file target.tsv (TSV, C-alpha atoms)
chain	number	residue	atom	x	y	z
A	24	MET	CA	0.00	0.00	0.00
A	25	GLN	CA	1.15	3.52	-0.77
A	26	LYS	CA	-0.22	6.67	0.85
A	27	PHE	CA	-0.19	10.15	-0.67
A	28	THR	CA	-1.33	13.43	0.88
A	29	PHE	CA	-2.37	16.35	-1.32
A	30	PRO	CA	-3.96	19.77	-0.75
A	31	THR	CA	-7.67	19.18	-0.48
A	32	SER	CA	-9.84	19.44	-3.59
A	33	LYS	CA	-12.83	20.34	-1.37
A	34	SER	CA	-15.11	18.33	-3.64
A	35	ALA	CA	-18.82	18.48	-2.82
A	36	GLY	CA	-20.04	15.98	-5.42
A	37	PHE	CA	-20.64	15.70	-9.15
A	38	ALA	CA	-23.01	17.83	-11.21
A	39	ALA	CA	-26.10	15.73	-11.90
A	40	ASN	CA	-27.25	17.99	-14.73
A	41	THR	CA	-25.88	20.63	-17.08
A	42	ALA	CA	-26.36	24.14	-15.70
A	43	GLN	CA	-25.64	27.57	-17.10
A	44	ALA	CA	-23.93	30.35	-15.12
A	45	GLY	CA	-26.21	31.76	-12.46
A	46	THR	CA	-28.55	28.75	-12.44
A	47	THR	CA	-28.84	25.97	-9.90
A	48	VAL	CA	-27.31	22.55	-10.33
A	49	ASP	CA	-28.22	19.27	-8.69
A	50	LEU	CA	-25.38	17.48	-6.93
A	51	MET	CA	-24.66	13.77	-7.18
A	52	VAL	CA	-23.26	13.21	-3.69
A	53	ARG	CA	-23.46	9.42	-3.49
A	54	GLY	CA	-23.27	6.65	-6.08
A	55	GLY	CA	-22.01	3.19	-6.92
A	56	PHE	CA	-21.19	1.96	-10.41
A	57	THR	CA	-19.45	-0.86	-12.23
A	58	SER	CA	-17.58	-0.55	-15.52
A	59	PHE	CA	-20.67	-2.07	-17.15
A	60	ASP	CA	-22.58	1.17	-16.36
A	61	ILE	CA	-22.38	4.02	-18.85
A	62	GLU	CA	-21.87	6.54	-16.03
A	63	TYR	CA	-18.73	4.80	-14.80
A	64	MET	CA	-16.27	6.35	-17.27
A	65	LYS	CA	-17.64	9.84	-16.69
A	66	TYR	CA	-16.85	9.67	-12.98
A	67	ILE	CA	-13.63	7.66	-13.06
A	68	ASP	CA	-12.08	10.07	-15.57
A	69	GLN	CA	-12.68	13.03	-13.26
A	70	ILE	CA	-11.46	11.16	-10.20
A	71	SER	CA	-8.34	10.11	-12.05
A	72	ASN	CA	-7.60	13.68	-13.12
A	73	LEU	CA	-8.28	15.17	-9.67
A	74	PHE	CA	-6.55	12.58	-7.51
A	75	LEU	CA	-4.92	9.53	-9.08
A	76	ALA	CA	-2.84	11.39	-11.66
A	77	LYS	CA	-1.10	13.25	-8.83
A	78	THR	CA	0.33	9.97	-7.51
A	79	GLY	CA	2.33	9.41	-10.70
A	80	ILE	CA	1.09	5.81	-10.84
A	81	PRO	CA	-0.63	4.89	-14.15
A	82	ILE	CA	-4.25	4.02	-13.47
A	83	GLU	CA	-3.92	0.70	-15.31
A	84	ARG	CA	-1.41	-0.40	-12.65
A	85	ILE	CA	-3.72	0.45	-9.74
A	86	GLN	CA	-5.70	-2.50	-8.36
A	87	ASN	CA	-7.72	-0.38	-5.96
A	88	PHE	CA	-7.70	3.06	-4.37
A	89	LEU	CA	-9.23	4.81	-1.38
A	90	ILE	CA	-9.55	8.60	-1.17
A	91	LEU	CA	-10.54	10.25	2.10
A	92	ASP	CA	-11.43	13.90	2.54
A	93	HIS	CA	-11.36	14.54	6.28
A	94	GLY	CA	-12.62	18.10	5.97
A	95	THR	CA	-9.16	19.46	6.73
A	96	SER	CA	-6.64	21.11	4.41
A	97	THR	CA	-5.48	17.84	2.84
A	98	ASP	CA	-6.86	14.68	1.23
A	99	ASP	CA	-5.38	11.21	1.78
A	100	VAL	CA	-5.03	8.95	-1.25
A	101	TYR	CA	-4.25	5.26	-0.65
A	102	ILE	CA	-3.17	3.01	-3.53
A	103	ASP	CA	-3.53	-0.79	-3.49
A	104	VAL	CA	-5.05	-0.99	-0.02
A	105	PRO	CA	-5.11	-4.40	1.73
A	106	MET	CA	-8.78	-5.25	2.04
A	107	GLU	CA	-10.49	-7.70	4.34
A	108	GLY	CA	-13.87	-9.25	3.72
A	109	THR	CA	-16.48	-11.48	5.26
A	110	VAL	CA	-18.37	-14.20	3.44
A	111	LYS	CA	-20.76	-16.98	4.40
A	112	LEU	CA	-19.49	-20.42	3.43
A	113	LYS	CA	-21.66	-23.16	2.02
A	114	GLU	CA	-23.27	-25.40	4.60
A	115	GLY	CA	-20.97	-28.14	5.80
A	116	LEU	CA	-17.78	-26.27	4.90
A	117	SER	CA	-15.24	-25.21	7.49
A	118	LYS	CA	-11.97	-23.34	7.18
A	119	LYS	CA	-8.93	-23.03	9.42
A	120	LYS	CA	-6.98	-19.82	9.80
A	121	GLY	CA	-4.76	-19.27	6.75
A	122	GLU	CA	-6.68	-21.62	4.44
A	123	VAL	CA	-7.70	-20.36	1.00
A	124	VAL	CA	-11.40	-19.64	0.46
A	125	TYR	CA	-12.53	-20.14	-3.15
A	126	LEU	CA	-15.41	-18.40	-4.89
A	127	SER	CA	-17.19	-21.70	-5.48
A	128	GLU	CA	-17.21	-22.27	-1.69
A	129	ILE	CA	-19.00	-19.00	-0.91
A	130	ASP	CA	-22.73	-18.98	-0.23
A	131	GLU	CA	-23.12	-15.24	0.37
A	132	VAL	CA	-20.79	-12.26	0.08
A	133	GLY	CA	-20.82	-10.13	3.19
A	134	GLU	CA	-18.75	-6.98	3.47
A	135	ILE	CA	-15.30	-5.62	2.75
A	136	ASN	CA	-13.29	-3.16	4.80
A	137	PHE	CA	-9.91	-1.49	4.73
A	138	SER	CA	-7.28	-2.92	7.04
A	139	ASN	CA	-5.71	-0.43	9.48
A	140	ILE	CA	-7.25	2.68	7.86
A	141	GLU	CA	-9.55	4.70	10.07
A	142	ILE	CA	-12.67	6.05	8.40
A	143	THR	CA	-14.77	8.45	10.47
A	144	PRO	CA	-18.45	9.38	9.98
A	145	ASN	CA	-17.42	12.91	8.92
A	146	ASP	CA	-15.20	11.74	6.06
A	147	ALA	CA	-16.06	12.01	2.39
A	148	ILE	CA	-14.96	8.82	0.61
A	149	ILE	CA	-14.14	7.65	-2.91
A	150	HIS	CA	-13.22	4.02	-3.50
A	151	GLY	CA	-12.60	2.07	-6.67
A	152	GLY	CA	-11.19	-1.32	-7.52
A	153	ARG	CA	-10.50	-3.78	-10.30
A	154	ILE	CA	-11.62	-7.41	-10.50
A	155	GLY	CA	-10.05	-9.06	-13.51
A	156	TRP	CA	-10.90	-6.86	-16.50
A	157	ARG	CA	-13.82	-5.14	-14.77
A	158	SER	CA	-13.91	-2.28	-12.28
A	159	TYR	CA	-16.24	-0.64	-9.80
A	160	LEU	CA	-16.52	2.78	-8.17
A	161	TYR	CA	-18.24	4.19	-5.09
A	162	PHE	CA	-18.34	7.70	-3.65
A	163	ASP	CA	-20.13	9.41	-0.77
A	164	PHE	CA	-19.68	13.14	-0.08
A	165	ARG	CA	-22.48	13.49	2.51
A	166	ARG	CA	-20.15	13.35	5.56
A	167	ASN	CA	-22.50	11.23	7.64
A	168	LEU	CA	-21.01	7.80	6.99
A	169	ASP	CA	-22.35	4.67	8.62
A	170	THR	CA	-19.19	2.57	8.23
A	171	ASP	CA	-20.96	-0.74	8.89
A	172	LEU	CA	-23.40	0.02	6.08
A	173	LEU	CA	-20.55	1.30	3.90
A	174	TYR	CA	-18.66	-1.99	4.16
A	175	LYS	CA	-21.80	-3.96	3.21
A	176	ILE	CA	-22.42	-1.70	0.20
A	177	LEU	CA	-18.84	-2.14	-1.00
A	178	GLY	CA	-19.03	-5.91	-0.60
A	179	LYS	CA	-22.19	-6.03	-2.69
A	180	LEU	CA	-20.72	-3.69	-5.33
A	181	ARG	CA	-17.62	-5.88	-5.73
A	182	HIS	CA	-19.77	-8.97	-6.04
A	183	ASP	CA	-22.10	-7.27	-8.53
A	184	THR	CA	-19.04	-6.63	-10.69
A	185	ILE	CA	-18.20	-10.34	-10.65
A	186	PHE	CA	-21.81	-11.30	-11.37
A	187	LYS	CA	-22.13	-8.94	-14.34
A	188	GLU	CA	-18.98	-10.46	-15.85
A	189	ILE	CA	-20.53	-13.92	-15.48
A	190	VAL	CA	-23.73	-12.75	-17.18
A	191	LEU	CA	-21.80	-11.10	-20.01
A	192	LYS	CA	-20.09	-14.40	-20.82
A	193	ALA	CA	-23.40	-16.26	-20.74
A	194	ASP	CA	-24.93	-13.64	-23.06
A	195	THR	CA	-22.23	-14.46	-25.60
A	196	SER	CA	-23.15	-18.15	-25.51
A	197	ILE	CA	-26.84	-17.30	-25.95
A	198	LEU	CA	-26.10	-15.29	-29.07
A	199	GLU	CA	-24.00	-18.09	-30.55
A	200	THR	CA	-26.60	-20.88	-30.39
A	201	ASN	CA	-30.07	-21.75	-31.64
A	202	TYR	CA	-30.39	-24.76	-29.34
A	203	PRO	CA	-31.32	-25.00	-25.65
A	204	LEU	CA	-28.31	-23.81	-23.66
A	205	ILE	CA	-27.02	-25.88	-20.75
A	206	ILE	CA	-25.36	-23.76	-18.04
A	207	THR	CA	-23.70	-25.76	-15.28
A	208	GLU	CA	-22.76	-24.66	-11.80
A	209	GLY	CA	-19.17	-25.87	-11.95
A	210	LYS	CA	-16.52	-25.06	-14.54
A	211	THR	CA	-15.85	-28.78	-15.09
A	212	ASP	CA	-19.46	-30.01	-15.18
A	213	TRP	CA	-20.15	-28.93	-18.75
A	214	LYS	CA	-17.09	-30.84	-19.95
A	215	HIS	CA	-18.35	-34.11	-18.47
A	216	LEU	CA	-21.87	-33.55	-19.84
A	217	MET	CA	-20.57	-32.54	-23.24
A	218	ASN	CA	-18.43	-35.67	-23.46
A	219	ALA	CA	-21.24	-37.93	-22.27
A	220	HIS	CA	-23.70	-36.35	-24.70
A	221	ALA	CA	-21.38	-37.06	-27.64
A	222	SER	CA	-20.21	-40.49	-26.46
A	223	LEU	CA	-23.69	-41.84	-25.73
A	224	GLY	CA	-24.95	-40.78	-29.13
A	225	ASN	CA	-27.69	-38.76	-27.49
A	226	ASP	CA	-30.06	-37.23	-30.05
A	227	LEU	CA	-30.87	-34.16	-27.95
A	228	ARG	CA	-30.09	-30.94	-29.79
A	229	ILE	CA	-28.50	-28.88	-27.03
A	230	SER	CA	-25.51	-26.60	-26.60
A	231	PHE	CA	-23.22	-25.93	-23.65
A	232	HIS	CA	-22.04	-22.70	-22.04
A	233	LYS	CA	-18.26	-23.14	-21.91
A	234	PHE	CA	-16.42	-21.27	-19.17
A	235	GLU	CA	-13.29	-21.69	-17.07
A	236	ASP	CA	-13.81	-19.34	-14.10
A	237	ASP	CA	-14.91	-20.36	-10.61
A	238	ARG	CA	-18.48	-19.44	-9.71
A	239	GLY	CA	-20.59	-19.84	-6.63
A	240	ASP	CA	-23.89	-21.68	-6.87
A	241	SER	CA	-25.60	-18.60	-5.40
A	242	ASP	CA	-24.45	-16.75	-8.55
A	243	ILE	CA	-26.03	-19.41	-10.76
A	244	LEU	CA	-29.27	-19.14	-8.79
A	245	ARG	CA	-29.13	-15.38	-9.27
A	246	MET	CA	-28.67	-15.94	-13.01
A	247	CYS	CA	-31.94	-17.89	-13.08
A	248	GLU	CA	-33.69	-14.90	-11.53
A	249	HIS	CA	-31.91	-12.46	-13.85
A	250	TYR	CA	-32.75	-14.18	-17.11
A	251	SER	CA	-36.32	-15.06	-16.10
A	252	ARG	CA	-37.18	-11.34	-15.94
A	253	MET	CA	-37.24	-11.15	-19.74
A	254	SER	CA	-38.35	-13.44	-22.54
A	255	GLN	CA	-35.58	-15.73	-23.82
A	256	GLN	CA	-35.69	-17.01	-27.38
A	257	THR	CA	-33.16	-19.69	-26.49
A	258	LYS	CA	-34.17	-22.07	-23.73
A	259	MET	CA	-31.78	-21.83	-20.78
A	260	ILE	CA	-31.32	-24.84	-18.48
A	261	PHE	CA	-29.24	-24.30	-15.35
A	262	VAL	CA	-27.77	-27.45	-13.78
A	263	PHE	CA	-26.86	-27.47	-10.06
A	264	ASP	CA	-24.79	-29.92	-8.02
A	265	ARG	CA	-26.24	-31.58	-4.92
A	266	ASP	CA	-23.63	-30.38	-2.39
A	267	ASN	CA	-25.34	-27.26	-0.99
A	268	PRO	CA	-28.43	-28.03	1.19
A	269	LYS	CA	-29.55	-24.40	1.10
A	270	ILE	CA	-29.61	-24.25	-2.70
A	271	LEU	CA	-31.33	-27.64	-2.93
A	272	SER	CA	-34.00	-26.45	-0.48
A	273	GLU	CA	-34.67	-23.30	-2.52
A	274	LEU	CA	-34.92	-25.29	-5.75
A	275	ARG	CA	-37.26	-27.87	-4.19
A	276	GLU	CA	-39.55	-25.08	-2.99
A	277	LYS	CA	-39.80	-23.86	-6.58
A	278	THR	CA	-40.49	-27.33	-7.99
A	279	GLN	CA	-44.06	-27.93	-9.14
A	280	GLY	CA	-45.63	-31.27	-8.20
A	281	GLU	CA	-43.66	-34.26	-9.42
A	282	ASP	CA	-41.49	-32.26	-11.82
A	283	ARG	CA	-37.76	-32.97	-11.78
A	284	PHE	CA	-36.97	-29.40	-12.75
A	285	GLN	CA	-37.95	-25.83	-11.93
A	286	ASN	CA	-39.74	-23.50	-14.34
A	287	TRP	CA	-38.70	-19.89	-13.74
A	288	GLY	CA	-40.74	-18.54	-16.63
A	289	ASN	CA	-39.71	-16.84	-19.86
A	290	ASN	CA	-37.97	-20.00	-21.13
A	291	VAL	CA	-35.66	-20.29	-18.10
A	292	PHE	CA	-35.40	-23.62	-16.28
A	293	SER	CA	-33.20	-25.19	-13.64
A	294	MET	CA	-32.53	-28.66	-12.29
A	295	PHE	CA	-30.21	-30.31	-9.83
A	296	LEU	CA	-28.27	-33.43	-10.67
A	297	PRO	CA	-30.33	-36.58	-10.20
A	298	MET	CA	-28.93	-39.18	-7.83
A	299	PRO	CA	-26.80	-41.84	-9.59
A	300	SER	CA	-28.08	-45.33	-8.84
A	301	HIS	CA	-24.75	-46.35	-7.24
A	302	ARG	CA	-24.64	-43.25	-4.99
A	303	GLU	CA	-28.05	-43.36	-3.29
A	304	ARG	CA	-26.56	-43.20	0.23
A	305	TYR	CA	-24.04	-40.45	-0.56
A	306	ASN	CA	-24.36	-36.90	0.80
A	307	ASN	CA	-22.06	-34.82	-1.42
A	308	VAL	CA	-22.80	-35.75	-5.00
A	309	SER	CA	-20.94	-33.75	-7.63
A	310	ILE	CA	-20.62	-34.54	-11.34
A	311	GLU	CA	-17.63	-36.87	-10.79
A	312	PHE	CA	-19.82	-39.19	-8.71
A	313	PHE	CA	-21.67	-40.23	-11.86
A	314	TYR	CA	-18.61	-42.33	-12.65
A	315	LYS	CA	-17.81	-45.56	-10.82
A	316	ASP	CA	-14.99	-45.28	-8.28
A	317	GLU	CA	-12.64	-47.29	-10.46
A	318	ASP	CA	-13.10	-44.76	-13.28
A	319	VAL	CA	-12.58	-41.79	-10.96
A	320	ARG	CA	-9.31	-43.35	-9.83
A	321	ARG	CA	-7.89	-43.89	-13.33
A	322	SER	CA	-4.27	-42.78	-13.62
A	323	ASP	CA	-2.77	-40.65	-16.37
A	324	THR	CA	0.46	-41.45	-18.19
A	325	LYS	CA	2.46	-39.97	-15.27
A	326	GLY	CA	0.76	-42.12	-12.65
A	327	ARG	CA	-1.36	-39.26	-11.26
A	328	ARG	CA	-5.08	-39.42	-10.57
A	329	LEU	CA	-8.12	-37.89	-8.92
A	330	HIS	CA	-8.58	-38.72	-5.23
A	331	PHE	CA	-11.44	-38.93	-2.77
A	332	THR	CA	-11.09	-37.20	0.60
A	333	ASN	CA	-11.44	-40.48	2.49
A	334	GLU	CA	-8.23	-41.89	1.00
A	335	LEU	CA	-5.90	-39.12	2.11
A	336	ARG	CA	-4.15	-38.24	5.36
A	337	LYS	CA	-3.11	-34.65	6.02
A	338	GLU	CA	0.45	-34.20	7.31
A	339	ILE	CA	2.58	-31.18	8.20
A	340	ASN	CA	6.09	-30.99	6.75
A	341	PRO	CA	9.07	-29.74	8.81
A	342	ASP	CA	8.71	-26.33	7.12
A	343	ASN	CA	5.05	-26.18	8.27
A	344	SER	CA	3.72	-26.71	4.73
A	345	LEU	CA	0.97	-29.27	4.16
A	346	ARG	CA	0.97	-32.47	2.21
A	347	PHE	CA	-1.59	-35.23	1.74
A	348	VAL	CA	-0.50	-38.84	1.75
A	349	GLU	CA	-2.41	-41.69	0.13
A	350	ILE	CA	-3.97	-44.21	2.52
A	351	GLU	CA	-6.41	-47.09	2.21
A	352	PRO	CA	-9.98	-45.71	1.86
A	353	ASP	CA	-11.62	-44.97	5.22
A	354	ASP	CA	-14.96	-46.78	5.02
A	355	SER	CA	-16.29	-44.94	8.08
A	356	ILE	CA	-16.67	-41.74	6.02
A	357	GLU	CA	-17.44	-43.39	2.69
A	358	PHE	CA	-20.85	-41.75	2.31
A	359	THR	CA	-19.66	-38.23	3.13
A	360	LYS	CA	-16.53	-38.28	1.00
A	361	LYS	CA	-15.87	-35.62	-1.63
A	362	ILE	CA	-13.42	-35.13	-4.46
A	363	ALA	CA	-10.05	-33.82	-3.21
A	364	ASP	CA	-9.50	-30.94	-5.59
A	365	ARG	CA	-7.92	-27.70	-4.37
A	366	ASP	CA	-4.73	-29.19	-2.90
A	367	ALA	CA	-4.25	-31.89	-5.51
A	368	HIS	CA	-0.68	-30.73	-6.16
A	369	LYS	CA	0.16	-31.58	-2.52
A	370	ILE	CA	-0.92	-35.22	-2.77
A	371	GLU	CA	1.86	-37.81	-2.53
A	372	ASN	CA	2.18	-41.56	-2.28
A	373	SER	CA	4.17	-43.31	0.44
A	374	THR	CA	7.44	-42.78	-1.43
A	375	GLY	CA	6.90	-39.04	-1.87
A	376	ASP	CA	5.90	-39.05	-5.54
A	377	LYS	CA	3.30	-36.48	-6.58
A	378	THR	CA	0.17	-38.42	-7.53
A	379	GLY	CA	-2.72	-35.94	-7.53
A	380	ILE	CA	-4.63	-34.14	-10.26
A	381	SER	CA	-7.41	-31.58	-9.93
A	382	LYS	CA	-11.02	-31.85	-11.08
A	383	SER	CA	-10.16	-29.53	-13.96
A	384	VAL	CA	-7.35	-31.77	-15.19
A	385	PHE	CA	-9.55	-34.85	-14.88
A	386	ALA	CA	-12.34	-33.13	-16.85
A	387	ASP	CA	-9.91	-32.14	-19.59
A	388	TYR	CA	-8.64	-35.71	-19.82
A	389	VAL	CA	-12.24	-36.92	-20.22
A	390	LEU	CA	-13.28	-34.27	-22.74
A	391	ASN	CA	-10.11	-34.65	-24.82
A	392	ARG	CA	-10.25	-38.45	-24.51
A	393	GLU	CA	-6.70	-38.75	-23.34
A	394	THR	CA	-5.02	-42.12	-23.06
A	395	GLY	CA	-6.70	-44.14	-20.32
A	396	PHE	CA	-9.82	-41.95	-20.22
A	397	VAL	CA	-11.69	-43.14	-23.31
A	398	ASP	CA	-13.78	-46.16	-22.28
A	399	LEU	CA	-15.38	-44.72	-19.12
A	400	ASP	CA	-18.76	-46.04	-17.94
A	401	LEU	CA	-21.13	-43.19	-18.80
A	402	ASP	CA	-24.47	-44.95	-18.30
A	403	GLU	CA	-25.50	-42.91	-15.25
A	404	PHE	CA	-25.29	-39.67	-17.24
A	405	GLU	CA	-28.42	-40.77	-19.08
A	406	LYS	CA	-30.34	-39.73	-15.97
A	407	VAL	CA	-29.19	-36.14	-16.44
A	408	PHE	CA	-30.21	-36.12	-20.09
A	409	ASP	CA	-33.59	-37.65	-19.23
A	410	VAL	CA	-34.43	-34.55	-17.19
A	411	ILE	CA	-33.04	-32.23	-19.85
A	412	ARG	CA	-35.18	-34.05	-22.43
A	413	GLU	CA	-38.30	-33.42	-20.33
A	414	ILE	CA	-37.55	-29.71	-20.37
A	415	VAL	CA	-36.77	-29.63	-24.10
A	416	GLU	CA	-39.94	-31.57	-24.98
A	417	LEU	CA	-41.97	-29.28	-22.74
A	418	GLU	CA	-40.74	-26.40	-24.88
A	419	GLN	CA	-41.74	-28.22	-28.03
A	420	SER	CA	-45.23	-29.05	-26.75
A	421	GLU	CA	-45.81	-25.46	-25.68
A	422	GLY	CA	-44.48	-24.05	-28.96

call {"tool": "encode", "arguments": {"input": "target.tsv", "output": "structure tokens"}}
result
Amino acid sequence: MQKFTFPTSKSAGFAANTAQAGTTVDLMVRGGFTSFDIEYMKYIDQISNLFLAKTGIPIERIQNFLILDHGTSTDDVYIDVPMEGTVKLKEGLSKKKGEVVYLSEIDEVGEINFSNIEITPNDAIIHGGRIGWRSYLYFDFRRNLDTDLLYKILGKLRHDTIFKEIVLKADTSILETNYPLIITEGKTDWKHLMNAHASLGNDLRISFHKFEDDRGDSDILRMCEHYSRMSQQTKMIFVFDRDNPKILSELREKTQGEDRFQNWGNNVFSMFLPMPSHRERYNNVSIEFFYKDEDVRRSDTKGRRLHFTNELRKEINPDNSLRFVEIEPDDSIEFTKKIADRDAHKIENSTGDKTGISKSVFADYVLNRETGFVDLDLDEFEKVFDVIREIVELEQSEG
């Protein structure tokens, strides 16, 4: 973080309308925007000229900034501020201090705040940040800040920026297809479904939204709501995993009668993965559980494979780093096991050889039909396509 102090600009807000000399002008004293909003560039250009340019740091190199006008003779400008945030994890997830939290593990975004920077109720504030290729901006010149509310607003604004990027990518897929579009929760799910659809010779005319970024299932649920507000010429079918009880509960409440899907209106549908016949007693069913265990455990040409959580033991190395060592499967937690994904590069066998791959690598092997991943048992995927077929045929009967 870098801090700069400049003579105060004594800004009161932005002109909300064009006004001639001697006439009144409305002031925009509070606002929040993302780079998807047409107003964003108008405000960020002025803020850059008034404040950021004085730092000598090119704006394209700034990840975030915080500008505080304390009502004194100077303004404080902070560049690349360490930010802390709060989120609500999916049910059943726990984290220890220092562990990474991934977007796909977040149920709700809470708030963000600025570490070790005091913000008082009398301050005027301008804050902006970049998330990937997209940016956001917030300002409040009213000098009656409620900091708790401020942090919640900023958390929502950052998350809205992420969500709008997700929607933009889905919009591109909608424009590129004339067939019902399958949008999965996970970035690997569509690869498994796409491979199964082709390998099984399924006659369903469908397309897949292809993406590589992590997303939370709450974002996918929000996409259902977003797209159902307007008529869609292309049928959209959102596919959820079965590993978040809260999401499953919300989807079940929206299910009509004996339907195996949810009709959001305006050609928008959702479904959660049906239960594979060999996993009826399992609690955390993701797309990989549609394969038999022996197929999940297939090794690549380097002897590496996907692992279940019940066949690994966590150990601490002398340098306090973690590693996971292969063990015989623990049958006592068989029905609550998951796929070991995030720390796959830390998995070793008893002789210290690296033996783990991630869900993404496994999905790529399947989709690209790499050596050893061609003759997988795909029969259980028919259950997914049976539900999709119901939705597609419903469209045809209503058309």

call {"tool": "residues_around", "arguments": {"input": "target.tsv", "residues": "segment 30-38 of chain A", "least_positions_apart": "3", "cutoff": "8 Å", "atoms": "all atoms listed in the file", "output": "ChimeraX atom specification"}}
result
/A:41,48-53,73,92,94-98,164

call {"tool": "atom_distance", "arguments": {"input": "target.tsv", "atom1": "atom CA of Pro81 of chain A", "atom2": "atom CA of Thr170 of chain A"}}
result
29.2 Å

call {"tool": "residues_around", "arguments": {"input": "target.tsv", "residues": "Ala147 of chain A", "least_positions_apart": "6", "cutoff": "7 Å", "atoms": "all atoms listed in the file", "output": "PDB file with C-alpha atoms, in the frame of the given file"}}
result
ATOM      1  CA  LEU A  91     -10.540  10.250   2.100  1.00  0.00           C
ATOM      2  CA  ASP A  92     -11.430  13.900   2.540  1.00  0.00           C
ATOM      3  CA  HIS A  93     -11.360  14.540   6.280  1.00  0.00           C
ATOM      4  CA  ASP A 163     -20.130   9.410  -0.770  1.00  0.00           C
ATOM      5  CA  PHE A 164     -19.680  13.140  -0.080  1.00  0.00           C
ATOM      6  CA  ARG A 165     -22.480  13.490   2.510  1.00  0.00           C
ATOM      7  CA  ARG A 166     -20.150  13.350   5.560  1.00  0.00           C
TER       8      ARG A 166
END

call {"tool": "atom_distance", "arguments": {"input": "target.tsv", "atom1": "atom CA of Ser344 of chain A", "atom2": "atom CA of Lys360 of chain A"}}
result
23.6 Å

call {"tool": "atom_distance", "arguments": {"input": "target.tsv", "atom1": "atom CA of Ile90 of chain A", "atom2": "atom CA of Phe137 of chain A"}}
result
11.7 Å

call {"tool": "residues_around", "arguments": {"input": "target.tsv", "residues": "Ile70 of chain A", "least_positions_apart": "6", "cutoff": "12 Å", "atoms": "only C-alpha atoms", "output": "list in words"}}
result
Ser32, Ser34, Gly36, Phe37, Tyr63, Met64, Ala76, Lys77, Ile82, Phe88, Leu89, Ile90, Val100, Ile148, Ile149, His150, Gly151, Leu160, Tyr161 and Phe162 of chain A

call {"tool": "closest_residue", "arguments": {"input": "target.tsv", "among": "A:Thr28, A:Gln86, A:Gln285, A:Thr184", "to": "Thr57 of chain A", "atoms": "all atoms listed in the file"}}
result
A:Thr184

call {"tool": "residues_around", "arguments": {"input": "target.tsv", "residues": "Ile356 of chain A", "least_positions_apart": "5", "cutoff": "12 Å", "atoms": "all atoms listed in the file", "output": "PyMOL selection string"}}
result
chain A and resi 304-307+331-335+361

call {"tool": "closest_residue", "arguments": {"input": "target.tsv", "among": "A:Ile243, A:Lys377, A:Tyr202, A:Arg328", "to": "Ile229 of chain A", "atoms": "all atoms listed in the file"}}
result
A:Tyr202

call {"tool": "closest_residue", "arguments": {"input": "target.tsv", "among": "A:Gly280, A:Gly288, A:Pro299, A:Gly155", "to": "Cys247 of chain A", "atoms": "only C-alpha atoms"}}
result
A:Gly288

call {"tool": "closest_residue", "arguments": {"input": "target.tsv", "among": "A:Lys187, A:His215, A:Arg412, A:Lys258", "to": "Ser383 of chain A", "atoms": "only C-alpha atoms"}}
result
A:His215

call {"tool": "closest_atom_pairs", "arguments": {"input": "target.tsv", "of": "segment 291-362 of chain A", "to": "segment 387-402 of chain A", "cutoff": "8 Å", "atoms": "only C-alpha atoms", "output": "CSV"}}
result
residue,atom,partner,partner_atom,distance
A:Phe313,CA,A:Leu401,CA,7.6
A:Tyr314,CA,A:Asp400,CA,6.5
A:Lys315,CA,A:Asp400,CA,7.2
A:Asp318,CA,A:Leu399,CA,6.3
A:Arg321,CA,A:Gly395,CA,7.1
A:Ser322,CA,A:Gly395,CA,7.3
A:Asp323,CA,A:Gly395,CA,6.6
A:Thr324,CA,A:Thr394,CA,7.4
